[in-house]
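Report on one structure; see the data block that follows.
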Amino acid sequence: MAQMIIDTANHIAGYAAKAARVKVVAAYPITPQTTIVEKIAEFVESGKMDIEYIRVESEHSAMVACIGAAAAGVRTFTATSSHGLALMHEALHWASGSRLPIVMAVVNRAMGAPWSIWPDFSDSLSQRDTGWMQFYCADNQEVFDTIIQAYKLCEDERVFLPAMVCLEGFILSHTYMPVKIPEQKKVDDFLPPYKSGWILDTNSPFSHSNLVSPEWYMEFRYMIQEAMENAKRLIPVIDKKYGETFGFKHGGLVEKYKCEDTDLILLTMGTMGSEAKIAVENMRKDGLKVGSARVRVFRPFPTEEIVKLAEQAQMFTAIDRHISFGMEGFLATEIKASLLNQKDPPLVAGFIAGLGGRDVTSETIEKIAKKSLKWMRGGKVERETEWVDLRE
Amino acid sequence: MSSIPKTRKEMPLTPISYPTVGSMGKTGSWRTFRPEVDYSKCTRCMLCWVYCPDAAITRQEDDSPKIDYDYCKGCGICANECPVKAIAMHREEE
Amino acid sequence: MVTIKELPKEEYLLKGHAACAGCGSAISLRLLFKALGNKIVLIVPACCTTVIQGPYPYTSFEVPLQNILFESTAAAASGIVAALRQRNLKGITVVGWAGDGGTVDIGIQALSGAAERETDFIYICYDNEAYGNTGMQRSGATPYGAWTTTTPSGKRERKKDMPLIMAAHRTPYVTTACPSYPIDLVNKLRKAKEIKGTKYIHILAPCPTGWRYDTSKTIELGRLAVQTGLWALFEIEYGKFKLNPPSDRLIDKAKRKPVKEYLTLQGRFRSLTEEDAERIQKWVDEDWDKYRKLASNSTSDFAPY
């Protein structure tokens, strides 16, 4: 029986790991992820989850334990945030290079120094080069659905890459929302048993990942890129099938809202996408032609979707909950890169908002949109990157 | 053991290497000195076989050692450890 | 007690590998396979053994081998043990095979964590007393006075006592070994396989490249290390400390060869002063006072909880 429950995104992530029938969880607590590992502990001790739960002594060990378990043939799950994710950095590379289908929940939290426990995307976006696919969720239902979809995607033989499912700390992780948990049998039908591209087997011995000379290394890297390209094609297919099976879909690679007949499209990630919809509604009432596109998948970056959207608008405004010091936010950069070689690309403005958990409301987004429209009417972007709501 | 891939399509998705004798080629080419066994002195104690770092010594039916000169690196441990000095190290000819 | 003749003929370390001539670790690896066969999963962090395998697409190892990040041998082991248990696969021994750097320095956290969680695997540290893979820089296991590339005038600090650190974790089996005593090593490996929990084996692996001696002397040097008392062969089994032959006879200082006999054979101790050598001898004697006390202890300081 499907159940309707009201719970936090962190707990929902625990439900999803349970529904996905993971067999090994290796995790280390860190604010604001902790209630995920605690929920899983509760499931394990009450017998609801029959897994090996490795309470490792650091995040680096958490990722490596997942690598070991996935290599030895079981579905694995872990979760972390911020500095925990940063600590695993070299292990993230090892996991993707090993082509292991690990799924990790990342509860987005700002990086220190100084300490901040509040959300922004600097933790997960700093890991964009590691060969992990990246999903950014806007609500708790999406967190559940995306974790299930991620396993199906990662374990597809055309992909075999790990994925992180990102959700903003406190905004989602600790906020109660209604979520429909589907019937386990339906999940089992949607998600077949664990599959990976290779396995440690005493009957067929080999060394995995010994030294690879310049003669071979580049081809292995190319294969990861190919897998990412395949994932780009598969993600909308899986989302659609999930929608048909369970009744929820989340826009595939980019969730579009009122992007037809529009002058300006606001591009956001995560919960800002929800606020952007409200802003769009309000502005449309005033006759302003604004639409919103929530980039749900950052890796692989949905370049084709962005290019297609560009045909519909005169201007794009990217709102980044992130800054790459010395340049701009990654969303803005990658959008610009996707559009550079197109004929008549739209103007692209980048705004930095919400760092360290500073609230980004629909009013803030309206302000950003109105400024963008002014620049659009003037025919040029006044400033490449503008920081929003900054103290003077 | 699989054959060595030639094209990208033949490569595994992640580096998987199969067990191969001579992964570094014929390492016998490394040596300067080669061990020679005097079988008349050899007591078949098998210590040389146990101590060879390169598994280049095989144990024959009668427990005497057979040295595989394709892979013997000439370290000299067998000669040094032989309790009856039945193995001597000789400089390799040019 | 197995004899040389009873050791199996099969080789799972294939000839033509990349180890230096005279490598003490390679001998130890062969003994690992003679003891345990091939129903094992080997986990190898960045260390000499990474390179000994040879380059892709070849490997000299005929057992499933997972290469892994430098500091996380024991974490990978935790994951693999968990997976095998979930898959209900029995009869496979999970073995971490790491160098001294990956054990006493960068790898100590993961090892300590795995031991505290009572992970059921064998962790073997093969100790060539420096970072061998990267060209012999000092590690926490480098002994006092030894030349390394980062301690060219001789290391000033003493060797970290990893076996006793592991014993303090109350793991069921901690032991020291040396390939110069092959039957002892094989017996210990086989014993470890039958014990449940974290088993720690610390092998002194003489290294001609790093210790600067003639390649033929690897086994001789290992023997001298034991005969001088510098390396004691012991087991701590369920907390009970026991010296193994021939170390059991060396409690009497008169029976121990002077450490100078061991030190003078190695180029890495060439710049040792008389004072240094005396200091080293004194410390060996102090260690043996400790071993005498541990051996005579009827209650055990290291018993599993």
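Every chain in the structure tokens has a letter given in the order shown (A, B, ...), and although residue numbers restart at 1 in each chain, ligands are simply numbered from 1 in the order shown.
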Report task. At a cut-off of 8 Å, list the chain A residues touching chain B, using only C-alpha atoms, as a PyMOL selection string. Result -> chain A and resi 97-99+197+205-210+212+219-220+223
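Residues lying within 9 Å of Ala227 of chain A, counting only C-alpha atoms and ignoring same-chain neighbours fewer than 5 positions away, are Glu157, Arg158, Val159, Phe160, Leu161, Tyr222 and Lys232 of chain A.
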Requested in this report: For chain C, work out the contacting residues on chain B at 9 Å, counting only C-alpha atoms, and write them as a PyMOL selection string.
Outcome: chain B and resi 4-5+15-28+30-31+45-47+50-56+58-59+63+70-81
Query - Nearest-residue call for chain A, choices C:Gln227, C:Asn187, C:Thr3, C:Asn88, using only C-alpha atoms - result: C:Asn88
Query - Contacts of Glu92 of chain B within 9 Å, only C-alpha atoms, excl. fewer than 3 positions in-chain, as a PyMOL selection string - result: chain B and resi 31-34
Restricted to C-alpha atoms, what would the selected residues look like written as a short mmCIF file (atom, residue, chain, number, x, y, z; two decimals), in the first residue's frame?
```
data_model
loop_
_atom_site.label_atom_id
_atom_site.label_comp_id
_atom_site.auth_asym_id
_atom_site.auth_seq_id
_atom_site.Cartn_x
_atom_site.Cartn_y
_atom_site.Cartn_z
CA ARG B 31 70.18 -9.27 -13.55
CA THR B 32 73.92 -8.89 -13.45
CA PHE B 33 74.62 -12.20 -11.73
CA ARG B 34 72.87 -15.50 -12.29
#
```
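With the cut-off set to 7 Å and only C-alpha atoms counted, chain A residues close to chain C are A:Lys23, A:Val24, A:Glu52, A:Val56, A:Glu57, A:Ser61, A:Val64, A:Ala65, A:Cys66, A:Ile67, A:Gly68, A:Ala69, A:Ala72, A:Gly73, A:Val74, A:Leu200, A:Asp201, A:Thr202, A:Pro205, A:Phe206, A:Ser207, A:His208, A:Ser209, A:Asn210, A:Leu211, A:Val212.
Our summary of the geometry notes that atom CA of Ala231 of chain A is positioned 19.6 Å from atom CA of Thr76 of chain A.
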Report summary line: Counting only C-alpha atoms, closest pick from C:Tyr305, C:Tyr173, C:Tyr144, C:Trp283 relative to Ile122 of chain C is C:Tyr173
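Taking atom CA of Ala225 of chain C and atom CA of Phe269 of chain C as the two end points, the separation is 13.8 Å.
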Requested in this report: Find the residues near segment 170-179 of chain A: any atom within 7 Å, counting only C-alpha atoms, skip ones fewer than 3 places away on the same chain, and give them as a PyMOL selection string.
Outcome: chain A and resi 4-10+32+107+139-141+167
Only N, CA and C atoms, please: the residues just picked out, written as a short mmCIF file (atom, residue, chain, number, x, y, z; two decimals), in the first residue's frame.
```cif
data_model
loop_
_atom_site.label_atom_id
_atom_site.label_comp_id
_atom_site.auth_asym_id
_atom_site.auth_seq_id
_atom_site.Cartn_x
_atom_site.Cartn_y
_atom_site.Cartn_z
N MET A 4 0.81 8.03 2.55
CA MET A 4 1.02 9.47 2.54
C MET A 4 1.58 9.81 3.91
N ILE A 5 2.79 10.35 3.95
CA ILE A 5 3.32 10.74 5.26
C ILE A 5 3.76 12.20 5.21
N ILE A 6 3.92 12.77 6.37
CA ILE A 6 4.43 14.14 6.46
C ILE A 6 5.74 14.06 7.21
N ASP A 7 6.82 14.35 6.52
CA ASP A 7 8.11 14.19 7.17
C ASP A 7 9.15 15.11 6.53
N THR A 8 10.31 15.18 7.19
CA THR A 8 11.38 16.04 6.70
C THR A 8 12.10 15.37 5.53
N ALA A 9 12.78 16.16 4.70
CA ALA A 9 13.48 15.59 3.55
C ALA A 9 14.54 14.61 4.00
N ASN A 10 15.17 14.86 5.13
CA ASN A 10 16.19 13.93 5.62
C ASN A 10 15.58 12.57 5.92
N PRO A 32 23.77 19.56 8.39
CA PRO A 32 22.40 19.16 8.74
C PRO A 32 21.94 17.83 8.14
N VAL A 107 23.22 17.00 1.73
CA VAL A 107 22.39 18.03 2.34
C VAL A 107 23.21 19.31 2.28
N ASP A 139 11.72 19.91 -3.46
CA ASP A 139 10.81 19.59 -2.35
C ASP A 139 11.04 18.15 -1.90
N ASN A 140 10.37 17.78 -0.84
CA ASN A 140 10.66 16.48 -0.23
C ASN A 140 10.22 15.31 -1.11
N GLN A 141 9.13 15.47 -1.82
CA GLN A 141 8.68 14.40 -2.73
C GLN A 141 9.77 14.14 -3.76
N LEU A 167 19.96 18.38 -1.58
CA LEU A 167 18.79 19.03 -0.99
C LEU A 167 19.31 20.06 0.02
#
```
Requested in this report: Enumerate the residues of chain B with a DSSP assignment of helix (DSSP H, G or I), computed from the backbone, and present them as a PyMOL selection string.
Outcome: chain B and resi 8-10+27-30+47-51+77-81
Requested in this report: May I have the residues within 8 Å of segment 268-274 of chain A as an NGL selection string, using only C-alpha atoms and disregarding those fewer than 3 positions away in the same chain?
Outcome: :A and (136-139 or 167-168 or 171 or 277-278 or 292-296 or 318-321 or 360-361)
Preceding selection exported with C-alpha atoms as a PDB file, in the first residue's frame:
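New file part_26.pdb:
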```pdb
ATOM      1  CA  TYR A 136      19.109  19.369  -7.141  1.00  0.00           C
ATOM      2  CA  CYS A 137      15.720  18.925  -5.471  1.00  0.00           C
ATOM      3  CA  ALA A 138      13.044  21.501  -4.776  1.00  0.00           C
ATOM      4  CA  ASP A 139      10.809  19.591  -2.354  1.00  0.00           C
ATOM      5  CA  LEU A 167      18.792  19.034  -0.989  1.00  0.00           C
ATOM      6  CA  GLU A 168      19.217  22.299   0.843  1.00  0.00           C
ATOM      7  CA  ILE A 171      14.989  24.497   3.988  1.00  0.00           C
ATOM      8  CA  LYS A 277       7.458  30.168  -9.751  1.00  0.00           C
ATOM      9  CA  ILE A 278       5.653  32.439  -7.270  1.00  0.00           C
ATOM     10  CA  SER A 292      11.315  30.144 -14.730  1.00  0.00           C
ATOM     11  CA  ALA A 293      13.567  27.184 -15.515  1.00  0.00           C
ATOM     12  CA  ARG A 294      14.854  25.140 -12.601  1.00  0.00           C
ATOM     13  CA  VAL A 295      18.029  23.316 -13.499  1.00  0.00           C
ATOM     14  CA  ARG A 296      17.358  19.992 -11.833  1.00  0.00           C
ATOM     15  CA  ALA A 318      20.957  32.902 -13.609  1.00  0.00           C
ATOM     16  CA  ILE A 319      20.633  33.047  -9.841  1.00  0.00           C
ATOM     17  CA  ASP A 320      23.501  31.203  -8.183  1.00  0.00           C
ATOM     18  CA  ARG A 321      23.476  30.088  -4.592  1.00  0.00           C
ATOM     19  CA  VAL A 360      15.864  34.091  -0.966  1.00  0.00           C
ATOM     20  CA  THR A 361      12.143  34.810  -1.213  1.00  0.00           C
TER      21      THR A 361
END
```
Query - Distance query Leu221 of chain C at most 9 Å, only C-alpha atoms, self and fewer than 5 positions along chain excluded, as number ranges by chain - result: C: 180, 206, 226, 262, 265-266
Just the selected residues (C-alpha atoms), exported as a compact mmCIF listing (two decimals), in the first residue's frame, please.
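Once everything was written out, this is out-v1.txt:
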```txt
# COMPACT_ATOMS: atom_id res chain seq x y z
CA SER C 180 63.05 -14.93 7.45
CA PRO C 206 63.76 -5.79 4.68
CA VAL C 226 65.14 -11.02 15.31
CA TYR C 262 72.44 -5.72 12.32
CA LEU C 265 75.22 -4.32 7.39
CA GLN C 266 72.94 -1.48 6.23
```
Requested in this report: For Asp276 of chain C, work out the shell of residues within 12 Å, counting only C-alpha atoms and skipping chain neighbours fewer than 3 positions away, then give it as a PyMOL selection string.
Outcome: chain C and resi 143-146+154-158+259-260+263+269-273+279-283
**Report entry** Point-to-point distance from atom CA of His93 of chain A to atom CA of Ala79 of chain A, Å rounded to tenths
**Finding:** 16.4 Å
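In terms of minimum interatomic distance to Lys66 of chain B, B:Val37 ranks closest within B:Val37, B:Cys42, B:Ile87, B:Cys82, counting only C-alpha atoms.
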**Report entry** strand (DSSP E) residues, from DSSP on the backbone, in segment 23-211 of chain C, as a ChimeraX atom specification
**Finding:** /C:40-44,58-59,65-67,93-99,121-127,173-177,198-204
For those residues, write C-alpha atoms to a file as a short mmCIF file (atom, residue, chain, number, x, y, z; two decimals), in the first residue's frame.
```
data_model
loop_
_atom_site.label_atom_id
_atom_site.label_comp_id
_atom_site.auth_asym_id
_atom_site.auth_seq_id
_atom_site.Cartn_x
_atom_site.Cartn_y
_atom_site.Cartn_z
CA ILE C 40 40.83 -14.05 -0.65
CA VAL C 41 40.09 -10.49 -1.62
CA LEU C 42 43.18 -8.36 -1.33
CA ILE C 43 42.92 -4.63 -0.69
CA VAL C 44 46.03 -2.68 -1.61
CA TYR C 58 48.46 -6.79 -16.82
CA THR C 59 48.72 -7.79 -13.19
CA LEU C 65 42.70 -7.25 -5.84
CA GLN C 66 41.14 -3.86 -5.14
CA ASN C 67 43.53 -0.97 -5.41
CA THR C 93 39.06 -14.03 3.59
CA VAL C 94 39.31 -10.26 3.27
CA VAL C 95 42.93 -9.14 3.59
CA GLY C 96 44.23 -5.58 3.74
CA TRP C 97 47.85 -5.47 2.56
CA ALA C 98 49.41 -2.09 3.28
CA GLY C 99 52.84 -0.60 3.70
CA PHE C 121 39.31 -9.12 8.32
CA ILE C 122 43.09 -9.59 8.39
CA TYR C 123 45.13 -6.40 8.22
CA ILE C 124 48.75 -6.93 7.26
CA CYS C 125 51.33 -4.19 7.45
CA TYR C 126 54.44 -5.04 5.49
CA ASP C 127 57.01 -2.73 6.97
CA TYR C 173 44.88 -11.21 17.44
CA VAL C 174 47.94 -9.01 17.07
CA THR C 175 51.24 -10.46 15.93
CA THR C 176 54.64 -9.65 14.49
CA ALA C 177 56.42 -11.66 11.82
CA THR C 198 40.16 -7.67 13.36
CA LYS C 199 43.49 -9.47 13.08
CA TYR C 200 46.67 -7.43 12.79
CA ILE C 201 49.91 -8.83 11.43
CA HIS C 202 53.01 -6.64 11.27
CA ILE C 203 55.71 -8.04 9.02
CA LEU C 204 59.22 -6.63 9.04
#
```
